Amino acid sequence: MSVTQQQVLDSLARVQSPRGVALPHANVLSAISASDGKVFFSINVDAAEARAWESVRAEAEAAVRSIPGVTTVMVALTAERKPGSAPPPPPQPSRGAPGVQPAHAHKPPQGGGSPMARQSEIPGVAAVIAVASGKGGVGKSTTALNLALGLRDLGLKVGLLDADIYGPSVPRLTGLRDKPELNDERKMIPLRRFGLAIMSIGFLVEEETAMIWRGPMVMSAVTQMLRDVEWGKLDVLVVDMPPGTGDAQLTLAQNVPLKGAVIVSTPQDLSLIDARRGLAMFKKVNVPVLGIVENMSYFQCPHCGTRSDIFGHGGARHEAEKLGVPFLGEIPLHMAIRATSDAGNPVVDSEPEGPHAAIYRAIAGQVRDQLKGVIATA
């Protein structure tokens with residue numbers, strides 16, 4: 001049964017704002033996404049009023065959940081502070097059904113309001129590492145998944161979080177299409193494949209859905225993926241970050257004490273410029289850079305064996321040497337990597353004895369070695 005935006009608005013008409021105005025007429029709703037039983041929207045208010053609106057968010061979520069045919073509801077309360085105003089007291093976490101909470105709801109700021117004072121470990125997770133790139137199209141998600149599988153092959157318990165809210169790739173790369181279930185504590189249970197615990201916003205929305213979300217909603221969604229998921233006991237949680245240096249990256253760095261970041265780049269000068277920005281951002285927020293990976297490093301013809309440096313070669317290695325960070329390895333541009341990724345059977349799992357799986361495992365070994373003392377190595 002298809003759910004329409006009008007049905008959502010009709011259900012929200014029964015919810016009153018703190019000023020007694022029906023929610024659809026309070027001028028606080030974002031665009032509503034309603035597709036295949038999944039409903040997503042945000043309530044945008046001034047930060048000074050966030051506490052008063054939290055109960056409204058919970059009521060709105062409950063109202064929409066009661067619509068026949070609705071299977072998933074995500075309602076974000078996004079509170080933005082006006083220039084020059086003081087930060088509001090943090091709202092108390094909701095006890096109701098899980099929705100996207102404000103980024104500060106899980107742990108109030110301490111230490112004079114420093115953003116990094118909000119950091120807290122994820123229960124059961126020994127180390128969280130980010131796989132990032134300064135720009136899109138460099139194969140970051142493929143690298144993140146195969147790196148996670150390489151760490152798995154080294155005997156570690158590994159999870160993979162797809163934090164690319166605007167363009168989640170992990171559902172396609174893993175072949176997973178199921179919707180996460182909730183446990184008794186109303187936390188999402190990650191899907192499992194290849195021996196990994198896997199979570200992605202893409203499991204909650206259709207592949208073609210355009211995620212037209214403002215910065216605060218992105219921050220709230222990343223926070224929920226970290227905190228409202230029952231990850232269990234993991235040695236490493238690999239986070240596939242969206243490209244760039246924006247809200248999602250800062251939210252992750254402010255939310256959990258990252259044990260390191262892996263930067264993915266191609267040898268091309270334009271990619272290296274953006275990779276340099278990503279590396280600088282992580283250093284600025286005191287996240288150790290575990291190293292740089294040069295993806296699409298070269299092309300070797302499968303027929304004649306001739307090697308071609310399509311995007312140049314060695315640029316990422318030289319950049320790593322110049323910046324004083326480890327160079328983790330070169331991954332070729334190869335049909336097998338592309339084909340297995342598109343088919344939802346990543347090369348480390350589908351061709352475990354092949355040369356490309358060996359490259360990813362070697363990179364994983366270097367990452368593991370840098371995490372000694374944090375994780376129990378096999």
# chains A, B, ... in the order shown; residues from 1 in each chain; ligands from 1
call {"tool": "residues_around", "arguments": {"residues": "A:Glu330", "least_positions_apart": "6", "cutoff": "8 Å", "atoms": "only C-alpha atoms", "output": "list in words"}}
result
Val293, Glu294, Asn295, Met296, Ser297 and Ile359 of chain A
call {"tool": "write_last_selection", "arguments": {"atoms": "C-alpha atoms", "output": "PDB file, in the first residue's frame"}}
result
ATOM      1  CA  VAL A 293      45.759   4.694  -0.650  1.00  0.00           C
ATOM      2  CA  GLU A 294      46.351   5.284  -4.359  1.00  0.00           C
ATOM      3  CA  ASN A 295      43.299   3.816  -6.105  1.00  0.00           C
ATOM      4  CA  MET A 296      43.091   3.348  -9.903  1.00  0.00           C
ATOM      5  CA  SER A 297      46.859   3.518  -9.704  1.00  0.00           C
ATOM      6  CA  ILE A 359      46.586  -5.942  -2.137  1.00  0.00           C
TER       7      ILE A 359
END
call {"tool": "residues_around", "arguments": {"residues": "stretch 59-69 of chain A", "least_positions_apart": "5", "cutoff": "8 Å", "atoms": "only C-alpha atoms", "output": "list of chain:residue names"}}
result
A:Met1, A:Ser2, A:Val3, A:Gln7, A:Val8, A:Ser11, A:Leu12, A:Arg14, A:Val15, A:Gly37, A:Val39, A:Met74, A:Val75, A:Ala97, A:Gly99
call {"tool": "write_last_selection", "arguments": {"atoms": "N, CA and C atoms", "output": "compact mmCIF listing (two decimals), in the first residue's frame"}}
result
# COMPACT_ATOMS: atom_id res chain seq x y z
N MET A 1 0.85 -1.20 0.00
CA MET A 1 0.00 0.00 0.00
C MET A 1 0.88 1.24 0.00
N SER A 2 0.70 2.09 -0.97
CA SER A 2 1.53 3.29 -1.10
C SER A 2 1.07 4.38 -0.15
N VAL A 3 2.03 5.05 0.48
CA VAL A 3 1.74 6.15 1.40
C VAL A 3 2.07 7.46 0.69
N GLN A 7 -1.24 12.07 2.96
CA GLN A 7 -1.57 11.27 4.13
C GLN A 7 -0.69 11.64 5.32
N VAL A 8 0.58 11.88 5.04
CA VAL A 8 1.50 12.28 6.11
C VAL A 8 1.08 13.62 6.68
N SER A 11 -1.96 13.31 8.88
CA SER A 11 -1.67 12.74 10.20
C SER A 11 -0.98 13.76 11.09
N LEU A 12 -0.12 14.58 10.49
CA LEU A 12 0.60 15.60 11.27
C LEU A 12 -0.32 16.74 11.70
N ARG A 14 -2.82 16.51 13.34
CA ARG A 14 -3.29 16.22 14.70
C ARG A 14 -2.24 16.54 15.76
N VAL A 15 -1.04 16.91 15.31
CA VAL A 15 0.05 17.22 16.23
C VAL A 15 0.17 18.73 16.38
N GLY A 37 6.40 2.91 1.72
CA GLY A 37 6.18 2.73 3.15
C GLY A 37 7.20 3.39 4.04
N VAL A 39 8.98 6.92 5.33
CA VAL A 39 8.69 8.35 5.41
C VAL A 39 9.83 9.05 6.12
N MET A 74 11.52 8.24 9.87
CA MET A 74 12.69 8.94 10.40
C MET A 74 12.35 10.43 10.44
N VAL A 75 12.27 10.97 11.63
CA VAL A 75 11.94 12.38 11.82
C VAL A 75 13.11 13.04 12.54
N ALA A 97 9.74 6.02 20.23
CA ALA A 97 10.26 5.27 19.08
C ALA A 97 11.47 5.96 18.52
N GLY A 99 14.02 7.86 16.34
CA GLY A 99 14.05 8.77 15.20
C GLY A 99 15.42 9.36 15.14
call {"tool": "residues_around", "arguments": {"residues": "stretch 347-356 of chain A", "least_positions_apart": "4", "cutoff": "6 Å", "atoms": "only C-alpha atoms", "output": "count of residues only"}}
result
3
call {"tool": "select_by_dssp", "arguments": {"residues": "stretch 116-203 of chain A", "states": "strand (DSSP E)", "output": "PyMOL selection string"}}
result
chain A and resi 125-132+158-162+191-193+196-200
call {"tool": "closest_residue", "arguments": {"among": "A:Pro302, A:Gln6, A:Ile273, A:Asn286", "to": "A:Met335", "atoms": "only C-alpha atoms"}}
result
A:Pro302
call {"tool": "residues_around", "arguments": {"residues": "A:Gly150", "least_positions_apart": "3", "cutoff": "7 Å", "atoms": "only C-alpha atoms", "output": "VMD selection string"}}
result
chain A and resid 146 to 147 153 to 154 348 360 to 361 364
call {"tool": "select_by_dssp", "arguments": {"residues": "stretch 310-339 of chain A", "states": "alpha helix (DSSP H)", "output": "PDB file with C-alpha atoms, in the first residue's frame"}}
result
ATOM      1  CA  GLY A 315      51.260  10.865  -7.015  1.00  0.00           C
ATOM      2  CA  ALA A 316      49.689   9.563  -3.800  1.00  0.00           C
ATOM      3  CA  ARG A 317      52.970   7.970  -2.696  1.00  0.00           C
ATOM      4  CA  HIS A 318      54.822  11.231  -3.243  1.00  0.00           C
ATOM      5  CA  GLU A 319      52.082  13.138  -1.420  1.00  0.00           C
ATOM      6  CA  ALA A 320      52.308  10.770   1.542  1.00  0.00           C
ATOM      7  CA  GLU A 321      56.074  11.176   1.710  1.00  0.00           C
ATOM      8  CA  LYS A 322      55.796  14.948   1.497  1.00  0.00           C
ATOM      9  CA  LEU A 323      53.180  15.116   4.249  1.00  0.00           C
ATOM     10  CA  MET A 335      37.720  -5.029 -14.544  1.00  0.00           C
ATOM     11  CA  ALA A 336      37.512  -7.652 -11.785  1.00  0.00           C
ATOM     12  CA  ILE A 337      37.302  -5.034  -9.032  1.00  0.00           C
ATOM     13  CA  ARG A 338      34.640  -3.067 -10.908  1.00  0.00           C
ATOM     14  CA  ALA A 339      32.585  -6.101 -11.921  1.00  0.00           C
TER      15      ALA A 339
END
call {"tool": "residues_around", "arguments": {"residues": "A:Pro171", "least_positions_apart": "5", "cutoff": "9 Å", "atoms": "only C-alpha atoms", "output": "ChimeraX atom specification"}}
result
/A:162,176-177,199-200,202-203,207,344
call {"tool": "atom_distance", "arguments": {"atom1": "atom CA of A:Leu371", "atom2": "atom CA of A:Leu173"}}
result
26.0 Å
call {"tool": "residues_around", "arguments": {"residues": "A:Trp53", "least_positions_apart": "2", "cutoff": "9 Å", "atoms": "only C-alpha atoms", "output": "VMD selection string"}}
result
chain A and resid 17 to 18 43 45 49 to 51 55 to 58 77
call {"tool": "atom_distance", "arguments": {"atom1": "atom CA of A:Ala357", "atom2": "atom CA of A:Leu290"}}
result
19.9 Å
call {"tool": "closest_residue", "arguments": {"among": "A:Ala26, A:Val21, A:Leu160, A:Leu145", "to": "A:Met225", "atoms": "only C-alpha atoms"}}
result
A:Leu160
call {"tool": "decode", "arguments": {"residues": "stretch 272-360 of chain A", "atoms": "C-alpha atoms", "output": "PDB file, in the first residue's frame"}}
result
ATOM      1  CA  LEU A 272      45.516  14.810  -4.795  1.00  0.00           C
ATOM      2  CA  ILE A 273      44.656  18.454  -4.145  1.00  0.00           C
ATOM      3  CA  ASP A 274      41.331  17.393  -2.626  1.00  0.00           C
ATOM      4  CA  ALA A 275      42.928  14.517  -0.725  1.00  0.00           C
ATOM      5  CA  ARG A 276      45.312  17.044   0.813  1.00  0.00           C
ATOM      6  CA  ARG A 277      42.329  19.034   2.084  1.00  0.00           C
ATOM      7  CA  GLY A 278      40.791  15.926   3.628  1.00  0.00           C
ATOM      8  CA  LEU A 279      44.052  15.033   5.315  1.00  0.00           C
ATOM      9  CA  ALA A 280      44.384  18.574   6.685  1.00  0.00           C
ATOM     10  CA  MET A 281      40.850  18.447   8.091  1.00  0.00           C
ATOM     11  CA  PHE A 282      41.485  15.257  10.054  1.00  0.00           C
ATOM     12  CA  LYS A 283      44.740  16.620  11.410  1.00  0.00           C
ATOM     13  CA  LYS A 284      42.941  19.802  12.486  1.00  0.00           C
ATOM     14  CA  VAL A 285      40.489  17.801  14.601  1.00  0.00           C
ATOM     15  CA  ASN A 286      43.320  15.636  16.013  1.00  0.00           C
ATOM     16  CA  VAL A 287      42.408  12.430  14.154  1.00  0.00           C
ATOM     17  CA  PRO A 288      45.484  10.318  13.295  1.00  0.00           C
ATOM     18  CA  VAL A 289      45.931   9.752   9.568  1.00  0.00           C
ATOM     19  CA  LEU A 290      46.617   6.049   9.095  1.00  0.00           C
ATOM     20  CA  GLY A 291      47.761   6.604   5.534  1.00  0.00           C
ATOM     21  CA  ILE A 292      46.938   7.268   1.893  1.00  0.00           C
ATOM     22  CA  VAL A 293      45.759   4.694  -0.650  1.00  0.00           C
ATOM     23  CA  GLU A 294      46.351   5.284  -4.359  1.00  0.00           C
ATOM     24  CA  ASN A 295      43.299   3.816  -6.105  1.00  0.00           C
ATOM     25  CA  MET A 296      43.091   3.348  -9.903  1.00  0.00           C
ATOM     26  CA  SER A 297      46.859   3.518  -9.704  1.00  0.00           C
ATOM     27  CA  TYR A 298      47.479   1.940 -13.104  1.00  0.00           C
ATOM     28  CA  PHE A 299      45.736  -0.142 -15.764  1.00  0.00           C
ATOM     29  CA  GLN A 300      47.133  -3.450 -16.922  1.00  0.00           C
ATOM     30  CA  CYS A 301      45.629  -4.822 -20.123  1.00  0.00           C
ATOM     31  CA  PRO A 302      44.139  -8.271 -19.387  1.00  0.00           C
ATOM     32  CA  HIS A 303      44.956  -9.401 -22.944  1.00  0.00           C
ATOM     33  CA  CYS A 304      48.493  -8.213 -23.658  1.00  0.00           C
ATOM     34  CA  GLY A 305      49.714  -7.330 -20.161  1.00  0.00           C
ATOM     35  CA  THR A 306      50.724  -3.795 -21.157  1.00  0.00           C
ATOM     36  CA  ARG A 307      50.581  -1.347 -18.260  1.00  0.00           C
ATOM     37  CA  SER A 308      49.138   2.146 -18.764  1.00  0.00           C
ATOM     38  CA  ASP A 309      49.218   4.939 -16.178  1.00  0.00           C
ATOM     39  CA  ILE A 310      45.871   6.443 -17.193  1.00  0.00           C
ATOM     40  CA  PHE A 311      45.696   8.947 -14.329  1.00  0.00           C
ATOM     41  CA  GLY A 312      49.434   9.273 -13.875  1.00  0.00           C
ATOM     42  CA  HIS A 313      51.231   7.192 -11.282  1.00  0.00           C
ATOM     43  CA  GLY A 314      52.886   7.568  -7.910  1.00  0.00           C
ATOM     44  CA  GLY A 315      51.260  10.865  -7.015  1.00  0.00           C
ATOM     45  CA  ALA A 316      49.689   9.563  -3.800  1.00  0.00           C
ATOM     46  CA  ARG A 317      52.970   7.970  -2.696  1.00  0.00           C
ATOM     47  CA  HIS A 318      54.822  11.231  -3.243  1.00  0.00           C
ATOM     48  CA  GLU A 319      52.082  13.138  -1.420  1.00  0.00           C
ATOM     49  CA  ALA A 320      52.308  10.770   1.542  1.00  0.00           C
ATOM     50  CA  GLU A 321      56.074  11.176   1.710  1.00  0.00           C
ATOM     51  CA  LYS A 322      55.796  14.948   1.497  1.00  0.00           C
ATOM     52  CA  LEU A 323      53.180  15.116   4.249  1.00  0.00           C
ATOM     53  CA  GLY A 324      54.875  12.562   6.486  1.00  0.00           C
ATOM     54  CA  VAL A 325      52.052   9.994   6.578  1.00  0.00           C
ATOM     55  CA  PRO A 326      52.174   6.287   5.659  1.00  0.00           C
ATOM     56  CA  PHE A 327      51.602   5.214   2.068  1.00  0.00           C
ATOM     57  CA  LEU A 328      49.369   2.148   2.320  1.00  0.00           C
ATOM     58  CA  GLY A 329      49.471   0.815  -1.221  1.00  0.00           C
ATOM     59  CA  GLU A 330      48.437   0.936  -4.889  1.00  0.00           C
ATOM     60  CA  ILE A 331      45.191  -0.547  -6.160  1.00  0.00           C
ATOM     61  CA  PRO A 332      44.966  -0.995  -9.942  1.00  0.00           C
ATOM     62  CA  LEU A 333      42.109  -0.011 -12.220  1.00  0.00           C
ATOM     63  CA  HIS A 334      40.866  -3.477 -13.106  1.00  0.00           C
ATOM     64  CA  MET A 335      37.720  -5.029 -14.544  1.00  0.00           C
ATOM     65  CA  ALA A 336      37.512  -7.652 -11.785  1.00  0.00           C
ATOM     66  CA  ILE A 337      37.302  -5.034  -9.032  1.00  0.00           C
ATOM     67  CA  ARG A 338      34.640  -3.067 -10.908  1.00  0.00           C
ATOM     68  CA  ALA A 339      32.585  -6.101 -11.921  1.00  0.00           C
ATOM     69  CA  THR A 340      32.559  -7.742  -8.491  1.00  0.00           C
ATOM     70  CA  SER A 341      31.623  -4.442  -6.856  1.00  0.00           C
ATOM     71  CA  ASP A 342      28.695  -3.868  -9.223  1.00  0.00           C
ATOM     72  CA  ALA A 343      27.536  -7.450  -8.638  1.00  0.00           C
ATOM     73  CA  GLY A 344      27.513  -7.076  -4.854  1.00  0.00           C
ATOM     74  CA  ASN A 345      30.328  -9.603  -4.417  1.00  0.00           C
ATOM     75  CA  PRO A 346      33.467  -7.620  -3.489  1.00  0.00           C
ATOM     76  CA  VAL A 347      36.713  -8.967  -4.829  1.00  0.00           C
ATOM     77  CA  VAL A 348      38.288  -9.804  -1.458  1.00  0.00           C
ATOM     78  CA  ASP A 349      35.399 -12.197  -0.787  1.00  0.00           C
ATOM     79  CA  SER A 350      34.654 -13.454  -4.296  1.00  0.00           C
ATOM     80  CA  GLU A 351      38.295 -13.915  -5.409  1.00  0.00           C
ATOM     81  CA  PRO A 352      40.125 -14.414  -2.091  1.00  0.00           C
ATOM     82  CA  GLU A 353      43.199 -16.006  -3.692  1.00  0.00           C
ATOM     83  CA  GLY A 354      43.531 -13.380  -6.415  1.00  0.00           C
ATOM     84  CA  PRO A 355      46.125 -10.602  -6.643  1.00  0.00           C
ATOM     85  CA  HIS A 356      43.658  -7.811  -5.856  1.00  0.00           C
ATOM     86  CA  ALA A 357      42.464  -9.431  -2.637  1.00  0.00           C
ATOM     87  CA  ALA A 358      46.112  -9.702  -1.621  1.00  0.00           C
ATOM     88  CA  ILE A 359      46.586  -5.942  -2.137  1.00  0.00           C
ATOM     89  CA  TYR A 360      43.588  -5.085   0.030  1.00  0.00           C
TER      90      TYR A 360
END
